[in-house]
file query-v1.txt (compact mmCIF, C-alpha atoms)
# COMPACT_ATOMS: atom_id res chain seq x y z
CA MET B 104 26.63 -26.74 29.70
CA THR B 105 27.01 -25.25 26.24
CA ASP B 106 28.94 -22.10 25.43
CA THR B 107 27.21 -19.12 23.94
CA PRO B 108 28.66 -18.26 20.51
CA ASN B 109 30.72 -15.31 21.80
CA LEU B 110 32.08 -17.20 24.78
CA GLU B 111 32.93 -20.09 22.52
CA TRP B 112 34.72 -17.75 20.13
CA ASP B 113 36.62 -16.18 23.04
CA HIS B 114 37.73 -19.64 24.13
CA TRP B 115 38.96 -20.45 20.66
CA GLN B 116 40.77 -17.14 20.39
CA LEU B 117 42.41 -17.71 23.74
CA ALA B 118 43.47 -21.21 22.71
CA TRP B 119 44.70 -19.86 19.37
CA ARG B 120 46.99 -17.33 21.00
CA SER B 121 47.87 -19.36 24.07
CA GLN B 122 50.91 -21.06 22.66
CA PRO B 123 52.71 -19.76 19.62
CA PRO B 124 54.43 -22.70 17.92
CA ALA B 125 57.92 -23.30 19.20
CA VAL B 126 60.62 -21.40 17.41
CA ALA B 127 62.99 -24.00 16.01
CA THR B 128 65.50 -21.56 14.61
CA ALA B 129 66.17 -17.89 14.93
CA THR B 130 64.13 -15.85 12.48
CA ALA B 131 66.05 -14.49 9.55
CA GLY B 132 66.64 -10.77 9.82
CA THR B 133 66.49 -8.54 6.77
CA ALA B 134 70.23 -8.93 6.20
CA GLU B 135 69.83 -12.70 5.89
CA LEU B 136 66.73 -12.30 3.72
CA GLN B 137 68.63 -9.86 1.53
CA ARG B 138 71.42 -12.41 1.11
CA ARG B 139 68.87 -15.08 0.28
CA LEU B 140 67.21 -12.84 -2.30
CA ARG B 141 70.58 -12.18 -3.94
CA ARG B 142 71.25 -15.95 -4.06
CA HIS B 143 67.79 -16.52 -5.51
CA ARG B 144 68.37 -13.92 -8.22
CA ARG B 145 71.86 -15.19 -8.97
CA LEU B 146 70.50 -18.71 -9.41
CA ALA B 147 67.77 -17.49 -11.78
CA TRP B 148 70.37 -15.63 -13.78
CA ALA B 149 72.72 -18.63 -13.74
CA TYR B 150 70.00 -20.81 -15.29
CA THR B 151 69.40 -18.26 -18.02
CA VAL B 152 73.11 -17.76 -18.71
CA PHE B 153 73.60 -21.54 -18.85
CA ASP B 154 70.77 -21.83 -21.40
CA VAL B 155 72.21 -19.03 -23.51
CA LEU B 156 75.74 -20.46 -23.36
CA ALA B 157 74.52 -23.95 -24.29
CA ALA B 158 72.52 -22.49 -27.17
CA ASN B 159 75.53 -20.47 -28.32
CA ALA B 160 77.71 -23.59 -28.23
CA LEU B 161 75.23 -25.33 -30.52
CA PHE B 162 75.08 -22.26 -32.79
CA ALA B 163 78.89 -22.28 -32.95
CA ILE B 164 79.03 -25.98 -33.85
CA ALA B 165 76.43 -25.46 -36.59
CA ALA B 166 78.32 -22.42 -37.91
CA TYR B 167 81.65 -24.29 -37.77
CA PHE B 168 80.37 -27.13 -39.94
CA ALA B 169 78.55 -24.76 -42.32
CA ILE B 170 81.77 -22.78 -42.90
CA ARG B 171 84.04 -25.81 -43.04
CA ALA B 172 81.99 -27.76 -45.60
CA PRO B 173 79.39 -25.50 -47.15
CA THR B 174 77.52 -28.22 -49.05
CA LEU B 175 73.73 -28.25 -49.26
CA PRO B 176 73.18 -31.08 -46.72
CA VAL B 177 75.51 -29.50 -44.16
CA LEU B 178 73.92 -26.07 -44.64
CA VAL B 179 70.44 -27.56 -44.19
CA TRP B 180 71.61 -29.43 -41.08
CA SER B 181 73.30 -26.30 -39.66
CA ILE B 182 70.22 -24.17 -40.20
CA SER B 183 68.01 -26.82 -38.59
CA VAL B 184 70.26 -26.99 -35.52
CA ALA B 185 70.16 -23.19 -35.20
CA VAL B 186 66.37 -23.03 -35.59
CA PHE B 187 65.60 -25.86 -33.15
CA THR B 188 68.06 -24.45 -30.63
CA ALA B 189 66.51 -20.98 -30.87
CA ILE B 190 63.03 -22.45 -30.32
CA ALA B 191 64.23 -24.51 -27.33
CA LEU B 192 66.03 -21.48 -25.82
CA GLY B 193 62.95 -19.30 -26.23
CA GLY B 194 60.78 -21.99 -24.61
CA ALA B 195 63.17 -22.42 -21.67
CA ILE B 196 63.33 -18.70 -20.89
CA TRP B 197 59.57 -18.24 -21.38
CA SER B 198 58.74 -21.05 -18.97
CA ARG B 199 60.75 -19.43 -16.16
CA ARG B 200 59.28 -15.95 -16.34
CA ASP B 201 57.66 -14.58 -13.15
CA ALA B 202 59.98 -16.75 -11.06
CA LEU B 203 61.17 -13.81 -8.98
CA VAL B 204 57.82 -12.34 -8.03
CA ALA B 205 56.12 -13.13 -4.70
CA SER B 206 52.40 -12.63 -5.16
CA ALA B 207 50.49 -10.16 -3.00
CA ALA B 208 47.27 -10.73 -4.93
CA PRO B 209 44.02 -11.65 -3.16
CA ALA B 210 43.68 -15.40 -2.60
CA THR B 211 41.06 -15.90 -5.32
CA ASP B 212 43.28 -14.15 -7.90
CA PHE B 213 46.29 -16.08 -6.69
CA LEU B 214 44.50 -19.41 -7.05
CA ALA B 215 43.41 -18.39 -10.55
CA ALA B 216 47.06 -17.57 -11.33
CA LEU B 217 48.16 -20.95 -9.95
CA ARG B 218 45.64 -22.62 -12.22
CA LEU B 219 46.85 -20.61 -15.20
CA ARG B 220 50.44 -21.54 -14.40
CA LEU B 221 49.45 -25.19 -14.28
CA ASP B 222 47.74 -24.84 -17.68
CA ARG B 223 50.96 -23.36 -19.04
CA ARG B 224 53.02 -26.15 -17.53
CA GLU B 225 50.75 -28.64 -19.26
CA ARG B 226 51.70 -26.98 -22.53
CA VAL B 227 55.42 -27.43 -21.84
CA PRO B 228 55.57 -31.21 -22.46
CA ARG B 229 53.39 -30.81 -25.54
CA PHE B 230 55.85 -28.21 -26.82
CA ILE B 231 58.85 -30.43 -26.06
CA VAL B 232 57.26 -33.51 -27.64
CA ARG B 233 56.31 -31.58 -30.79
CA LEU B 234 59.77 -30.07 -31.01
CA ALA B 235 61.37 -33.50 -30.59
CA ALA B 236 58.99 -35.03 -33.16
CA ALA B 237 59.89 -32.28 -35.63
CA GLU B 238 63.60 -32.84 -34.99
CA ILE B 239 63.26 -36.61 -35.39
CA ALA B 240 61.20 -36.28 -38.58
CA PHE B 241 63.69 -33.80 -39.95
CA GLY B 242 66.67 -35.96 -38.93
CA LEU B 243 65.23 -39.10 -40.51
CA ALA B 244 64.44 -37.24 -43.73
CA PHE B 245 67.92 -35.76 -43.69
CA TYR B 246 69.61 -39.16 -43.36
CA ALA B 247 67.23 -40.80 -45.87
CA ILE B 248 68.12 -38.22 -48.52
CA TRP B 249 71.81 -37.56 -47.89
CA SER B 250 73.25 -40.41 -45.84
CA PRO B 251 71.08 -43.53 -46.32
CA GLU B 252 73.89 -45.71 -44.96
CA TRP B 253 73.46 -43.99 -41.57
CA LEU B 254 69.67 -44.16 -41.59
CA GLY B 255 69.40 -47.45 -39.67
CA ARG B 256 71.67 -46.30 -36.88
CA ALA B 257 69.98 -42.89 -36.72
CA ALA B 258 66.55 -44.54 -36.55
CA ARG B 259 67.66 -46.65 -33.58
CA ILE B 260 69.05 -43.59 -31.77
CA TYR B 261 65.90 -41.57 -32.49
CA GLY B 262 63.78 -44.52 -31.36
CA ALA B 263 65.61 -44.61 -28.03
CA ILE B 264 65.16 -40.85 -27.64
CA ALA B 265 61.45 -41.18 -28.44
CA LEU B 266 61.04 -43.94 -25.84
CA ALA B 267 62.82 -41.91 -23.16
CA LEU B 268 60.69 -38.90 -24.05
CA ALA B 269 57.49 -40.93 -23.87
CA ALA B 270 58.45 -42.23 -20.42
CA TRP B 271 59.22 -38.70 -19.24
CA TRP B 272 55.95 -37.38 -20.69
CA ARG B 273 53.99 -40.09 -18.90
CA TRP B 274 55.67 -39.29 -15.57
CA TYR B 275 55.26 -35.52 -16.01
CA ARG B 276 51.56 -35.79 -16.93
CA ARG B 277 50.87 -37.94 -13.89
CA ARG B 278 52.59 -35.37 -11.70
CA LEU B 279 50.58 -32.52 -13.23
CA ARG B 280 47.35 -34.48 -12.76
CA ARG B 281 48.19 -34.87 -9.07
CA GLU B 282 48.96 -31.17 -8.76
CA ARG B 283 45.69 -30.28 -10.49
CA ALA B 284 43.74 -32.52 -8.11
CA GLN B 285 45.52 -30.86 -5.21
CA LEU B 286 44.74 -27.39 -6.52
CA ASP B 287 41.08 -28.35 -7.05
CA ALA B 288 40.97 -29.50 -3.43
CA LEU B 289 42.43 -26.16 -2.28
CA CYS B 290 39.79 -24.20 -4.18
CA ARG B 291 36.86 -26.40 -3.17
CA GLU B 292 34.31 -24.59 -1.06
CA PRO B 293 32.40 -26.85 1.31
CA GLU B 294 28.78 -27.52 0.45
CA PRO B 295 26.42 -25.22 2.37
CA ALA B 296 24.70 -27.01 5.20
CA GLU B 297 21.01 -27.88 5.01
CA GLY B 298 18.63 -25.30 6.39
CA PRO B 299 18.25 -21.54 6.21
CA GLU B 300 21.02 -19.36 4.83
CA PRO B 301 23.29 -18.11 7.63
CA PRO B 302 23.11 -14.37 8.25
CA GLY B 303 25.45 -12.30 6.09
CA ASP B 304 25.41 -9.04 7.94
CA GLY B 305 29.13 -8.34 7.64
CA GLY B 306 29.40 -8.11 11.41
CA SER B 307 32.38 -8.79 13.57
CA PRO B 308 33.87 -12.27 13.16
CA GLY B 309 33.46 -13.06 16.79
CA ALA B 310 29.83 -11.93 17.00
CA MET P 216 61.45 1.19 3.42
CA THR P 217 64.67 1.08 5.42
CA SER P 218 66.23 -2.11 6.68
CA GLY P 219 65.30 -1.16 10.28
CA GLU P 220 61.65 -0.61 9.31
CA LEU P 221 61.65 -3.93 7.48
CA ASP P 222 63.07 -5.72 10.52
CA GLU P 223 60.41 -4.10 12.67
CA LEU P 224 57.62 -5.06 10.29
CA LEU P 225 58.76 -8.68 10.08
CA ALA P 226 59.12 -8.90 13.85
CA ARG P 227 55.66 -7.38 14.32
CA HIS P 228 53.96 -9.99 12.17
CA GLU P 229 56.11 -13.01 12.86
CA PRO P 230 54.08 -14.50 15.75
CA ALA P 231 50.89 -14.32 13.66
CA LEU P 232 52.70 -15.87 10.69
CA ARG P 233 53.89 -18.69 12.93
CA ARG P 234 50.33 -19.37 14.07
CA LEU P 235 49.15 -19.21 10.46
CA ALA P 236 51.85 -21.67 9.38
CA ALA P 237 50.81 -24.01 12.19
CA SER P 238 47.30 -24.15 10.76
CA TYR P 239 48.73 -25.28 7.42
CA GLU P 240 51.53 -27.60 8.47
CA ARG P 241 51.62 -30.13 11.31
CA ASP P 242 55.21 -31.28 10.92
CA PRO P 243 57.42 -28.91 12.99
CA ALA P 244 60.35 -28.90 10.55
CA LEU P 245 58.12 -28.27 7.52
CA ARG P 246 56.23 -25.65 9.52
CA GLU P 247 59.47 -23.80 10.27
CA ASP P 248 60.36 -24.00 6.57
CA LEU P 249 56.97 -22.55 5.73
CA VAL P 250 57.46 -19.66 8.19
CA GLN P 251 60.82 -18.86 6.61
CA GLU P 252 59.25 -19.08 3.14
CA MET P 253 56.49 -16.71 4.22
CA LEU P 254 59.01 -14.21 5.59
CA PHE P 255 61.08 -14.47 2.43
CA ALA P 256 58.02 -14.01 0.22
CA LEU P 257 57.05 -11.00 2.30
CA PHE P 258 60.52 -9.56 1.96
CA ARG P 259 60.39 -10.00 -1.82
CA ALA P 260 56.89 -8.61 -2.13
CA LEU P 261 57.27 -5.56 0.14
CA PRO P 262 58.91 -3.34 -2.51
CA THR P 263 55.71 -3.77 -4.58
CA TRP P 264 53.47 -2.58 -1.73
CA ARG P 265 51.95 0.74 -2.79
CA ARG P 266 49.85 1.13 0.38
CA GLU P 267 46.66 0.53 -1.61
CA CYS P 268 45.67 -1.87 1.17
CA SER P 269 46.50 -2.00 4.87
CA GLU P 270 49.79 -3.46 6.04
CA ARG P 271 48.02 -6.38 7.69
CA THR P 272 46.04 -7.14 4.54
CA PHE P 273 49.22 -7.11 2.49
CA VAL P 274 51.08 -9.38 4.92
CA TYR P 275 48.22 -11.89 5.08
CA ARG P 276 47.83 -11.92 1.32
CA VAL P 277 51.48 -12.77 0.78
CA ALA P 278 51.58 -15.28 3.65
CA ASN P 279 48.39 -17.06 2.60
CA ASN P 280 49.54 -17.23 -1.00
CA ARG P 281 52.84 -18.71 0.09
CA ALA P 282 50.97 -21.26 2.21
CA LEU P 283 48.71 -22.14 -0.73
CA SER P 284 51.76 -22.73 -2.91
CA HIS P 285 53.18 -24.89 -0.13
CA LEU P 286 50.01 -27.00 0.00
CA ALA P 287 49.72 -27.18 -3.78
CA SER P 288 53.22 -28.57 -4.10
CA ARG P 289 52.89 -31.46 -1.68
CA ARG P 290 50.70 -34.50 -1.35
CA PRO P 291 47.48 -33.91 0.56
CA ALA P 292 47.83 -34.98 4.16
CA PHE P 293 44.93 -33.83 6.24
CA ASP P 294 45.94 -34.43 9.80
CA ASP P 295 43.57 -36.16 12.11
CA LEU P 296 42.79 -35.04 15.59
CA GLU P 297 44.17 -38.18 17.14
CA ARG P 298 47.59 -37.89 15.55
CA ALA P 299 47.89 -34.22 16.40
CA ALA P 300 46.79 -34.79 19.96
CA SER P 301 49.27 -37.58 20.47
CA VAL P 302 52.36 -35.46 19.81
CA PRO P 303 54.65 -36.34 22.73
CA ASP P 304 55.51 -33.59 25.17
CA PRO P 305 59.24 -32.85 25.34
CA ALA P 306 59.10 -32.17 29.09
CA PRO P 307 56.52 -32.34 31.88
CA LEU P 308 54.49 -29.13 32.01
CA PRO P 309 52.62 -27.47 34.84
CA GLU P 310 48.95 -28.44 34.76
CA ALA P 311 47.61 -25.08 33.54
CA VAL P 312 50.19 -24.81 30.80
CA ALA P 313 49.56 -28.41 29.78
CA ALA P 314 45.82 -27.74 29.56
CA ALA P 315 46.38 -24.61 27.45
CA SER P 316 48.75 -26.53 25.24
CA GLN P 317 46.19 -29.30 24.84
CA GLN P 318 43.47 -26.80 23.88
CA HIS P 319 45.81 -25.14 21.44
CA GLU P 320 46.72 -28.45 19.79
CA THR P 321 43.07 -29.53 19.64
CA LEU P 322 42.06 -26.27 17.98
CA LEU P 323 44.94 -26.49 15.52
CA ALA P 324 44.12 -30.10 14.67
CA ALA P 325 40.47 -29.20 14.09
CA LEU P 326 41.44 -26.22 11.92
CA ARG P 327 43.73 -28.39 9.81
CA ARG P 328 40.83 -30.74 9.10
CA LEU P 329 38.74 -27.95 7.63
CA PRO P 330 38.76 -27.19 3.91
CA VAL P 331 41.39 -24.57 3.09
CA PRO P 332 38.98 -21.69 2.32
CA GLN P 333 37.32 -22.14 5.73
CA ARG P 334 40.67 -22.50 7.44
CA GLN P 335 41.89 -19.23 5.93
CA LEU P 336 38.78 -17.40 7.07
CA LEU P 337 38.93 -18.70 10.61
CA THR P 338 42.64 -18.13 11.15
CA MET P 339 42.31 -14.52 10.03
CA ALA P 340 39.24 -14.00 12.18
CA LEU P 341 41.08 -15.53 15.14
CA GLU P 342 43.87 -13.03 14.50
CA ASP P 343 41.24 -10.27 14.83
CA LEU P 344 41.28 -9.12 11.23
CA THR P 345 38.15 -7.13 10.42
CA PRO P 346 35.66 -8.51 7.85
CA ARG P 347 36.83 -5.74 5.49
CA GLU P 348 40.47 -6.89 5.83
CA ILE P 349 39.55 -10.56 5.40
CA ALA P 350 37.53 -9.67 2.31
CA ASP P 351 40.55 -7.79 0.91
CA VAL P 352 42.89 -10.70 1.58
CA LEU P 353 40.60 -13.26 -0.03
CA GLY P 354 39.24 -11.10 -2.84
CA ILE P 355 35.58 -11.59 -1.86
CA THR P 356 32.87 -9.26 -0.50
CA GLU P 357 32.34 -8.49 3.16
CA ASN P 358 28.90 -10.09 3.02
CA ASN P 359 30.43 -13.21 1.59
CA VAL P 360 32.96 -13.21 4.44
CA ALA P 361 30.17 -13.11 7.02
CA VAL P 362 28.22 -15.92 5.35
CA ARG P 363 31.27 -18.15 4.95
CA LEU P 364 32.49 -17.38 8.44
CA THR P 365 29.20 -18.51 9.95
CA ARG P 366 29.50 -21.81 8.09
CA ALA P 367 33.17 -22.16 8.98
CA ARG P 368 32.45 -21.61 12.67
CA ALA P 369 29.71 -24.23 12.55
CA ALA P 370 32.11 -26.70 10.94
CA LEU P 371 34.79 -25.95 13.52
CA ARG P 372 32.26 -26.31 16.34
CA GLU P 373 31.31 -29.73 15.01
CA LEU P 374 34.93 -30.88 14.86
CA MET P 375 35.66 -29.58 18.35
CA ALA P 376 32.55 -31.28 19.70
CA ALA P 377 33.59 -34.54 18.03
CA ARG P 378 36.92 -34.19 19.79
CA ARG P 379 35.22 -33.77 23.16
CA GLN P 380 33.15 -36.96 22.68
CA PRO P 381 34.42 -39.79 24.91
call {"tool": "encode", "arguments": {"input": "query-v1.txt", "output": "structure tokens"}}
result
Amino acid sequence: MTDTPNLEWDHWQLAWRSQPPAVATATAGTAELQRRLRRHRRLAWAYTVFDVLAANALFAIAAYFAIRAPTLPVLVWSISVAVFTAIALGGAIWSRRDALVASAAPATDFLAALRLRLDRRERVPRFIVRLAAAEIAFGLAFYAIWSPEWLGRAARIYGAIALALAAWWRWYRRRLRRERAQLDALCREPEPAEGPEPPGDGGSPGA
Amino acid sequence: MTSGELDELLARHEPALRRLAASYERDPALREDLVQEMLFALFRALPTWRRECSERTFVYRVANNRALSHLASRRPAFDDLERAASVPDPAPLPEAVAAASQQHETLLAALRRLPVPQRQLLTMALEDLTPREIADVLGITENNVAVRLTRARAALRELMAARRQP
């Protein structure tokens, strides 16, 4: 015996509601959620404050050396540290924007936003690699002009940094590729079945 | 919205959110995490609700988006019917309850095997959301909802029938 569509739907609905999944833990009340939100915000602020403090420490070191020995090489070095730090700080803060917002957008818009966020995250390693390349190029030029005796050692250190960065980039790109594949799978609509188009009368779901 | 109203709203929608989470996540611990994440997302999003859509639409939007983020951030693991059906029972159940539980698990396992867009449609329809509400949650037209729902039901029917095969 086969079910008629409505009967079949009723069976499914009954089965759907028959057994709500077991509650493993007590549901958080608003007080607990409020506490969690405060923790979440504090953490976001802590990250930002840490970034700003770290950047300020670097600014202070650059300023200290510039004041202590205001020669041309030291001034150039100090300015470069300040500029690269400012760029890195801006990038770090920019990449964490929207972290506090829970989306109430329709699913299609939300998926588009997820895709956009992934595109942005793909730009992050490119930004970091370019920034590091600029720093390395600048550093090597700096040592070649003003401290050639340190050039060999600096080149080895920069080489190690470049290798570590390349390994990280490789890992990060693989991870993003996996996430993109996952996102594509989430968005994929199944192929319509062979045969006539199903009716689209906007009727009740169970009809 | 006062804290009491918030508590009431969360309590009102929690059973549906639990069922929704079950359609996305088979593992009980991860499922519970997902429910808590949904409630937290809802709590964070509620201050932005300007009543431009119904309460149910708003809740399902936030919950579905949270579930999509959950799926996007983990490796794909589409559960098969056999695994889901072989979850051991913690205690012997009366026959009727056991049968209902079996049907529930079978339906859940079949839903989890469907592509996510179809799963979203069916879970909302099973929760008795109107086509208008489903269209608002997904950001598509009502006609589109009806067309996709017909296909989704056919796909679910096929999976359920496959399950019934000896």
call {"tool": "interface_residues", "arguments": {"input": "query-v1.txt", "of": "chain P", "to": "chain B", "cutoff": "6 Å", "atoms": "only C-alpha atoms", "output": "list in words"}}
result
Asp222, Ala256, Ala260, Arg276, Val277, Ala287, Gln318, His319, Val331, Ala340, Leu341, Val352, Leu353, Gly354, Glu357, Asn358, Ala361 and Val362 of chain P
call {"tool": "closest_residue", "arguments": {"input": "query-v1.txt", "among": "B:Ala165, B:Ala160, B:Val179, B:Leu279", "to": "Glu225 (chain B)", "atoms": "only C-alpha atoms"}}
result
B:Leu279
call {"tool": "atom_distance", "arguments": {"input": "query-v1.txt", "atom1": "CA of Arg142 (chain B)", "atom2": "CA of Leu254 (chain P)"}}
result
15.7 Å
call {"tool": "residues_around", "arguments": {"input": "query-v1.txt", "residues": "region 254-262 of chain B", "least_positions_apart": "5", "cutoff": "10 Å", "atoms": "all atoms listed in the file", "output": "JSON, numbers by chain"}}
result
{"B": [235, 236, 238, 239, 240, 242, 243, 244, 245, 246, 247, 248, 249, 267, 268]}
call {"tool": "residues_around", "arguments": {"input": "query-v1.txt", "residues": "Arg199 (chain B)", "least_positions_apart": "4", "cutoff": "10 Å", "atoms": "only C-alpha atoms", "output": "ChimeraX atom specification"}}
result
/B:147,150-151,194-195,203
call {"tool": "axis_aligned_box", "arguments": {"input": "query-v1.txt", "around": "region 220-229 of chain P", "padding_each_side": "8 Å", "output": "AutoDock Vina command-line options"}}
result
--center_x 58.5 --center_y -6.8 --center_z 10.9 --size_x 25.1 --size_y 28.4 --size_z 22.8
call {"tool": "atom_distance", "arguments": {"input": "query-v1.txt", "atom1": "CA of Ala325 (chain P)", "atom2": "CA of Leu235 (chain P)"}}
result
13.7 Å
call {"tool": "atom_distance", "arguments": {"input": "query-v1.txt", "atom1": "CA of Leu161 (chain B)", "atom2": "CA of Ala185 (chain B)"}}
result
7.2 Å
call {"tool": "closest_residue", "arguments": {"input": "query-v1.txt", "among": "P:Val250, P:Thr365, P:Phe273, P:Ala370", "to": "Ala231 (chain P)", "atoms": "all atoms listed in the file"}}
result
P:Val250
call {"tool": "closest_residue", "arguments": {"input": "query-v1.txt", "among": "P:Arg233, P:Arg246, P:Arg366, P:Arg289", "to": "Tyr275 (chain P)", "atoms": "all atoms listed in the file"}}
result
P:Arg233
call {"tool": "closest_residue", "arguments": {"input": "query-v1.txt", "among": "P:Arg227, P:Arg241, P:Arg234, P:Arg271", "to": "Glu348 (chain P)", "atoms": "only C-alpha atoms"}}
result
P:Arg271
call {"tool": "closest_residue", "arguments": {"input": "query-v1.txt", "among": "B:Ser250, B:Arg276, B:Leu192, B:Ala265", "to": "Pro228 (chain B)", "atoms": "all atoms listed in the file"}}
result
B:Arg276
call {"tool": "residues_around", "arguments": {"input": "query-v1.txt", "residues": "Ile164 (chain B)", "least_positions_apart": "6", "cutoff": "12 Å", "atoms": "only C-alpha atoms", "output": "MDAnalysis selection string"}}
result
chainID B and resid 157:158 170:171 177:178 180:182 184:185 188
